[in-house]
Amino acid sequence: MNTIHAIAIVVLKEMIRRKDFYVLFILTALITLLMGSINIFNDASIAGYLKELALLLVWISSLVMAITTTARQLHAEKELRTIFPLLAKPVSRAQLLLGKFAGCWIACGLSLFVFYLFLGIVAASREQSLDVGAYTVAFLLHWGALAVVVAMALLGSVVFAAPSSNGTICFIVAVGILVLARHLNTVALQMDGVMGKITYAIYYLLPRLDWAFSVRQFLIFHDPMPGFAVWAQAMLFYGSYSALLILAAWLLFRRRALTT
Amino acid sequence: MNIVQPILKTENLRVEFRSKDAPGGVKVALQGLNLAVFPGEVFGFLGPNGAGKTTTMNVLLGFVNATGGDAFLFGENVRDPIARQRIGYLPELTYYYKFLTAEELLRFYARIFNIPKAEREKRIDAVLKLVELDHARKRQIKTYSKGMQQRAGLAQALINNPDLLILDEPTSGLDPIGRMKVREIIQRLKNEGKTVFFSSHELGEVETICDRVAILHQGELKREGRVADIVREYNCDLEQAFLRIIGFMPQAADSALVSKAA
């Protein structure tokens, strides 16, 4: 546990000392504040649009953060050769993967917290009220979904040779799941035979990141919040799915030759 | 009678790699290597490029799995991470986490070894003094010169006060002062009774520091023995002896070149 913790802290320090998070946050804040300062046709529902835009920017920023931070971890270790002194110590490859996962996920959680705090402040300034419970559930579901994205990028860094290809593929897959996954069962219904079954299988196999994306319904449109059992199940699903992806990464990485 | 057990041992170690260029698609990097390094020795691991030195180190450190045979550190099979609890390793030309300071880097590695906090700080102070980086301990590694980075590497290899140090060309790419400093550190470690296993192409340096050497060529062990014995046997310095052992004859090569030119 100490080893995983030590590796995770190095990942966190890297995030704090790099500019990625600060650039993304400033960009999100600037765009949101700029949009918020414009009064279009005295439209009272502008606060809803503003929140929707800000939430979309938070989602994009969080995906970029999660994927780019994770995708470079193992590649940087190999390229800078730091993986050799590290694995020459009593560190197993499973501990290395878990440490990297924990570090990236916690780093994403911290940056996501700052983003949601900003979102809450912007919304409260317009609506003169803040539903702390809704924002907490939204943050937790979003963070849970990011665990799957981080685990997917970690698996990608074992499979793909370059962090750029890993990052691009992970981003396309994550956005694809967010936008299309919920409609796959409808598509499957319209298909006959094997293709329909395959589409159904994909529908059930994909990590349902869209569950977390649906937080916009209760943050923006003030729909009733899901009960504790619902979002706890979603979190459990995200945890189990991430564990499966990390297991797959370990199975591929555990016997791989590393040559100095 | 007390029999001293080797702390590093390989038994018929064989490593094969898939290679399109090699006949049969398999390249044999190591062919039945038998080595034994005893406590307190400074052991030089020599060979031309591609001889199998780094492959041997990679097996010892668990980076590569042997195709055949076994390797042991302190009696533990190297496949088990616990075998690496009492070793320190310095790879050739590594660029450590450049966003960390030397102090943070050492704290990170010390935590991996579960060194208690109070002892950890004392140990960090001691190794930073030993490698003469005490003045730069709070500076990020990205601001270090090559020699300073190599000494930071040596510091990380020493953080757990290891009984065995494995150094892969520790003076490679360093200027004469950097080399001298690294050499001095190895000498000091030897005086402290540490076992050092290192590969190098600097045969003058090896002759000065090492007690015993092993000479490897094309994955085969050509010679193992005390430096003094090898030098006496060939009646020349270690560099000349090394060239003869691996079958390189400079005079023959020179005359071949001359006749070709003619």
# chains A, B, ... in the order shown; residues from 1 in each chain; ligands from 1
>>> interface_residues(of="chain A", to="chain B", cutoff="10 Å", atoms="only C-alpha atoms", output="count of residues only")
40
>>> residues_around(residues="A:Val175", least_positions_apart="3", cutoff="10 Å", atoms="only C-alpha atoms", output="list in words")
Trp59, Ile60, Leu63, Cys170, Phe171, Ile172, Leu178, Val179, Leu180, Ala181, Leu209 and Asp210 of chain A
>>> write_last_selection(atoms="N, CA and C atoms", output="tab-separated table (two decimals), in the first residue's frame")
chain	number	residue	atom	x	y	z
A	59	TRP	N	-16.87	18.99	-18.64
A	59	TRP	CA	-16.75	17.61	-19.12
A	59	TRP	C	-15.59	17.46	-20.09
A	60	ILE	N	-15.50	18.39	-21.03
A	60	ILE	CA	-14.40	18.31	-22.01
A	60	ILE	C	-13.05	18.43	-21.29
A	63	LEU	N	-12.16	15.29	-19.33
A	63	LEU	CA	-11.73	14.19	-20.20
A	63	LEU	C	-10.30	14.42	-20.70
A	170	CYS	N	-8.52	7.05	-27.01
A	170	CYS	CA	-9.30	7.11	-25.76
A	170	CYS	C	-10.33	8.24	-25.81
A	171	PHE	N	-9.91	9.38	-26.34
A	171	PHE	CA	-10.82	10.53	-26.39
A	171	PHE	C	-12.01	10.23	-27.31
A	172	ILE	N	-11.72	9.64	-28.47
A	172	ILE	CA	-12.80	9.31	-29.42
A	172	ILE	C	-13.75	8.29	-28.79
A	178	LEU	N	-20.19	8.64	-24.56
A	178	LEU	CA	-21.04	9.67	-23.96
A	178	LEU	C	-22.19	10.08	-24.88
A	179	VAL	N	-21.89	10.15	-26.17
A	179	VAL	CA	-22.89	10.66	-27.11
A	179	VAL	C	-23.79	9.54	-27.65
A	180	LEU	N	-23.18	8.37	-27.95
A	180	LEU	CA	-23.93	7.35	-28.68
A	180	LEU	C	-24.41	6.16	-27.85
A	181	ALA	N	-23.71	5.84	-26.75
A	181	ALA	CA	-23.98	4.58	-26.04
A	181	ALA	C	-25.45	4.39	-25.68
A	209	LEU	N	-20.77	5.72	-19.34
A	209	LEU	CA	-20.35	7.06	-18.90
A	209	LEU	C	-21.52	8.04	-18.98
A	210	ASP	N	-22.49	7.73	-19.85
A	210	ASP	CA	-23.63	8.64	-20.04
A	210	ASP	C	-24.48	8.76	-18.77
>>> select_by_dssp(residues="stretch 25-228 of chain B", states="helix (DSSP H, G or I)", output="MDAnalysis selection string")
chainID B and resid 25 53:60 81:84 102:112 117:130 134:136 141:143 146:158 176:191 203:209 227:228
>>> write_last_selection(atoms="C-alpha atoms", output="PDB file, in the first residue's frame")
ATOM      1  CA  GLY B  25      14.222 -15.935 -36.125  1.00  0.00           C
ATOM      2  CA  LYS B  53      25.978  -7.505 -20.128  1.00  0.00           C
ATOM      3  CA  THR B  54      22.837  -5.385 -20.041  1.00  0.00           C
ATOM      4  CA  THR B  55      20.671  -8.447 -20.760  1.00  0.00           C
ATOM      5  CA  THR B  56      22.187 -10.169 -17.715  1.00  0.00           C
ATOM      6  CA  MET B  57      21.448  -7.095 -15.597  1.00  0.00           C
ATOM      7  CA  ASN B  58      17.914  -6.944 -17.008  1.00  0.00           C
ATOM      8  CA  VAL B  59      17.317 -10.547 -15.908  1.00  0.00           C
ATOM      9  CA  LEU B  60      18.809  -9.892 -12.462  1.00  0.00           C
ATOM     10  CA  PRO B  81      10.304  -8.669  -6.211  1.00  0.00           C
ATOM     11  CA  ILE B  82      11.532  -9.301  -2.635  1.00  0.00           C
ATOM     12  CA  ALA B  83      14.906 -10.332  -4.150  1.00  0.00           C
ATOM     13  CA  ARG B  84      15.426  -6.641  -4.876  1.00  0.00           C
ATOM     14  CA  ALA B 102      16.686  15.575  -5.245  1.00  0.00           C
ATOM     15  CA  GLU B 103      15.274  15.489  -1.727  1.00  0.00           C
ATOM     16  CA  GLU B 104      11.764  14.624  -2.964  1.00  0.00           C
ATOM     17  CA  LEU B 105      13.147  11.987  -5.328  1.00  0.00           C
ATOM     18  CA  LEU B 106      14.981  10.277  -2.482  1.00  0.00           C
ATOM     19  CA  ARG B 107      11.947  10.548  -0.190  1.00  0.00           C
ATOM     20  CA  PHE B 108       9.864   8.821  -2.859  1.00  0.00           C
ATOM     21  CA  TYR B 109      12.283   5.907  -3.197  1.00  0.00           C
ATOM     22  CA  ALA B 110      12.744   5.690   0.579  1.00  0.00           C
ATOM     23  CA  ARG B 111       8.978   5.295   1.030  1.00  0.00           C
ATOM     24  CA  ILE B 112       9.030   2.347  -1.360  1.00  0.00           C
ATOM     25  CA  LYS B 117      10.291   8.732   8.653  1.00  0.00           C
ATOM     26  CA  ALA B 118      13.024   9.678  11.131  1.00  0.00           C
ATOM     27  CA  GLU B 119      15.506   7.262   9.631  1.00  0.00           C
ATOM     28  CA  ARG B 120      14.412   8.305   6.113  1.00  0.00           C
ATOM     29  CA  GLU B 121      15.467  11.921   6.663  1.00  0.00           C
ATOM     30  CA  LYS B 122      18.816  10.875   8.165  1.00  0.00           C
ATOM     31  CA  ARG B 123      19.443   8.560   5.236  1.00  0.00           C
ATOM     32  CA  ILE B 124      18.561  11.292   2.707  1.00  0.00           C
ATOM     33  CA  ASP B 125      21.026  13.655   4.415  1.00  0.00           C
ATOM     34  CA  ALA B 126      23.737  10.988   4.416  1.00  0.00           C
ATOM     35  CA  VAL B 127      23.464   9.988   0.750  1.00  0.00           C
ATOM     36  CA  LEU B 128      23.166  13.579  -0.460  1.00  0.00           C
ATOM     37  CA  LYS B 129      26.370  14.374   1.409  1.00  0.00           C
ATOM     38  CA  LEU B 130      28.062  11.263   0.018  1.00  0.00           C
ATOM     39  CA  ASP B 134      23.653  18.530  -0.417  1.00  0.00           C
ATOM     40  CA  HIS B 135      23.853  22.119  -1.698  1.00  0.00           C
ATOM     41  CA  ALA B 136      21.368  21.405  -4.526  1.00  0.00           C
ATOM     42  CA  ILE B 141      16.368  17.903 -11.093  1.00  0.00           C
ATOM     43  CA  LYS B 142      15.711  19.570 -14.437  1.00  0.00           C
ATOM     44  CA  THR B 143      18.230  22.254 -13.406  1.00  0.00           C
ATOM     45  CA  LYS B 146      24.563  15.559 -16.465  1.00  0.00           C
ATOM     46  CA  GLY B 147      27.130  14.752 -13.779  1.00  0.00           C
ATOM     47  CA  MET B 148      24.783  15.947 -11.024  1.00  0.00           C
ATOM     48  CA  GLN B 149      21.948  13.822 -12.464  1.00  0.00           C
ATOM     49  CA  GLN B 150      24.209  10.781 -12.470  1.00  0.00           C
ATOM     50  CA  ARG B 151      25.096  11.474  -8.819  1.00  0.00           C
ATOM     51  CA  ALA B 152      21.391  11.877  -8.007  1.00  0.00           C
ATOM     52  CA  GLY B 153      21.008   8.452  -9.611  1.00  0.00           C
ATOM     53  CA  LEU B 154      23.725   7.078  -7.394  1.00  0.00           C
ATOM     54  CA  ALA B 155      21.998   8.610  -4.378  1.00  0.00           C
ATOM     55  CA  GLN B 156      18.730   6.828  -5.223  1.00  0.00           C
ATOM     56  CA  ALA B 157      20.654   3.569  -5.611  1.00  0.00           C
ATOM     57  CA  LEU B 158      22.052   4.017  -2.096  1.00  0.00           C
ATOM     58  CA  PRO B 176      36.818  13.471 -16.142  1.00  0.00           C
ATOM     59  CA  ILE B 177      35.831  15.199 -12.886  1.00  0.00           C
ATOM     60  CA  GLY B 178      32.429  13.483 -12.869  1.00  0.00           C
ATOM     61  CA  ARG B 179      34.125  10.137 -13.468  1.00  0.00           C
ATOM     62  CA  MET B 180      36.592  10.710 -10.709  1.00  0.00           C
ATOM     63  CA  LYS B 181      33.777  11.556  -8.275  1.00  0.00           C
ATOM     64  CA  VAL B 182      31.805   8.427  -9.167  1.00  0.00           C
ATOM     65  CA  ARG B 183      34.980   6.341  -8.887  1.00  0.00           C
ATOM     66  CA  GLU B 184      35.681   7.795  -5.455  1.00  0.00           C
ATOM     67  CA  ILE B 185      32.163   6.938  -4.316  1.00  0.00           C
ATOM     68  CA  ILE B 186      32.530   3.331  -5.500  1.00  0.00           C
ATOM     69  CA  GLN B 187      35.880   3.125  -3.713  1.00  0.00           C
ATOM     70  CA  ARG B 188      34.280   4.464  -0.527  1.00  0.00           C
ATOM     71  CA  LEU B 189      31.465   1.925  -0.783  1.00  0.00           C
ATOM     72  CA  LYS B 190      34.019  -0.823  -1.248  1.00  0.00           C
ATOM     73  CA  ASN B 191      35.792   0.309   1.915  1.00  0.00           C
ATOM     74  CA  LEU B 203      39.029  -0.829 -18.515  1.00  0.00           C
ATOM     75  CA  GLY B 204      41.613   1.364 -16.802  1.00  0.00           C
ATOM     76  CA  GLU B 205      38.975   2.259 -14.252  1.00  0.00           C
ATOM     77  CA  VAL B 206      37.980  -1.402 -13.858  1.00  0.00           C
ATOM     78  CA  GLU B 207      41.607  -2.401 -13.310  1.00  0.00           C
ATOM     79  CA  THR B 208      41.901   0.189 -10.551  1.00  0.00           C
ATOM     80  CA  ILE B 209      38.702  -0.602  -8.657  1.00  0.00           C
ATOM     81  CA  VAL B 227      42.109  -8.854 -12.118  1.00  0.00           C
ATOM     82  CA  ALA B 228      45.637  -9.384 -10.817  1.00  0.00           C
TER      83      ALA B 228
END
>>> atom_distance(atom1="atom CA of A:Glu52", atom2="atom CA of A:Gly176")
19.3 Å
>>> atom_distance(atom1="atom CA of B:Val37", atom2="atom CA of B:Leu8")
5.1 Å
>>> atom_distance(atom1="atom CA of B:Ile7", atom2="atom CA of B:Leu73")
5.5 Å
>>> closest_residue(among="A:Leu53, A:Ile177, A:Leu184, A:Ala234", to="A:Ala138", atoms="only C-alpha atoms")
A:Ala234
>>> closest_residue(among="A:Ser242, A:Phe21, A:Leu74, A:His183", to="A:Phe160", atoms="only C-alpha atoms")
A:Leu74
>>> select_by_dssp(residues="stretch 126-226 of chain B", states="strand (DSSP E or B)", output="list in words")
Gln140, Leu164, Leu165, Ile166, Leu167, Asp168, Thr195, Val196, Phe197, Phe198, Ser199, Arg212, Val213, Ala214, Ile215, Leu216, His217, Glu220, Leu221, Lys222, Arg223, Glu224, Gly225 and Arg226 of chain B
>>> residues_around(residues="B:His217", least_positions_apart="4", cutoff="7 Å", atoms="only C-alpha atoms", output="list in words")
Gly47, Pro48, Ala51, Leu221, Lys222 and Ile246 of chain B
>>> residues_around(residues="B:Glu202", least_positions_apart="4", cutoff="10 Å", atoms="only C-alpha atoms", output="list of chain:residue names")
B:Leu46, B:Glu169, B:Thr171, B:Ser172, B:Val206, B:Glu207, B:Glu239
>>> closest_residue(among="A:Leu189, A:Met195, A:Ile67, A:Leu141", to="A:Val173", atoms="only C-alpha atoms")
A:Ile67
